[in-house]
Amino acid sequence: MAFDHQIDGTELSPKRLTKWRFRTRIFMAWGHACAYCGEGADTLDHVLPRSRGGMTVEENLIPACKRCNGAKSSADWREWFMAQSWHCPDRVARIDDWIIGAPQTATKPEPDP
């Protein structure tokens with residue numbers, strides 16, 4: 001694929017492709033699973049909601065299923081998550097690591113013994 005625009009000999013990517021790559025990186029880092037419940041993720045959730053000053057950056061976006069994303073809405077993620085009967089300390093730790101930019105693996109957390 002050739003592009004008309006170049007900077008120092010490097011081709012620019014169209015905005016749509018860049019957005020797709022950005023979103024795909026996040027989904028792949030979480031194994032396409034909801035960061036909250038572990039089901040299949042089909043949306044990205046702003047950990048700190050945009051309405052509260054959250055930015056659309058990788059460290060503030062996690063995959064979420066529509067159910068969790070809608071239920072959390074603009075609530076504080078930790079307060080909302082801890083109120084769920086199915087909350088998981090391993091998921092809390094993984095979300096915390098993601099927020100601070102710690103390296104991630106595409107594995108799902110092990111179930112509690």
# chains A, B, ... in the order shown; residues from 1 in each chain; ligands from 1
$ residues_around --residues "Cys34 of chain A" --least-positions-apart "2" --cutoff "10 Å" --atoms "only C-alpha atoms" --output "ChimeraX atom specification"
/A:27,30-32,36-45,62-69,91,108
$ residues_around --residues "Ser74 of chain A" --least-positions-apart "6" --cutoff "8 Å" --atoms "only C-alpha atoms" --output "list in words"
Leu48, Pro49, Ser51 and Arg52 of chain A
$ residues_around --residues "Asp96 of chain A" --least-positions-apart "2" --cutoff "12 Å" --atoms "only C-alpha atoms" --output "VMD selection string"
chain A and resid 35 to 36 47 to 48 59 to 62 77 to 78 89 to 94 98 to 104
$ atom_distance --atom1 "atom CA of Met28 of chain A" --atom2 "atom CA of His87 of chain A"
21.9 Å
$ atom_distance --atom1 "atom CA of Ala75 of chain A" --atom2 "atom CA of Asp97 of chain A"
19.6 Å
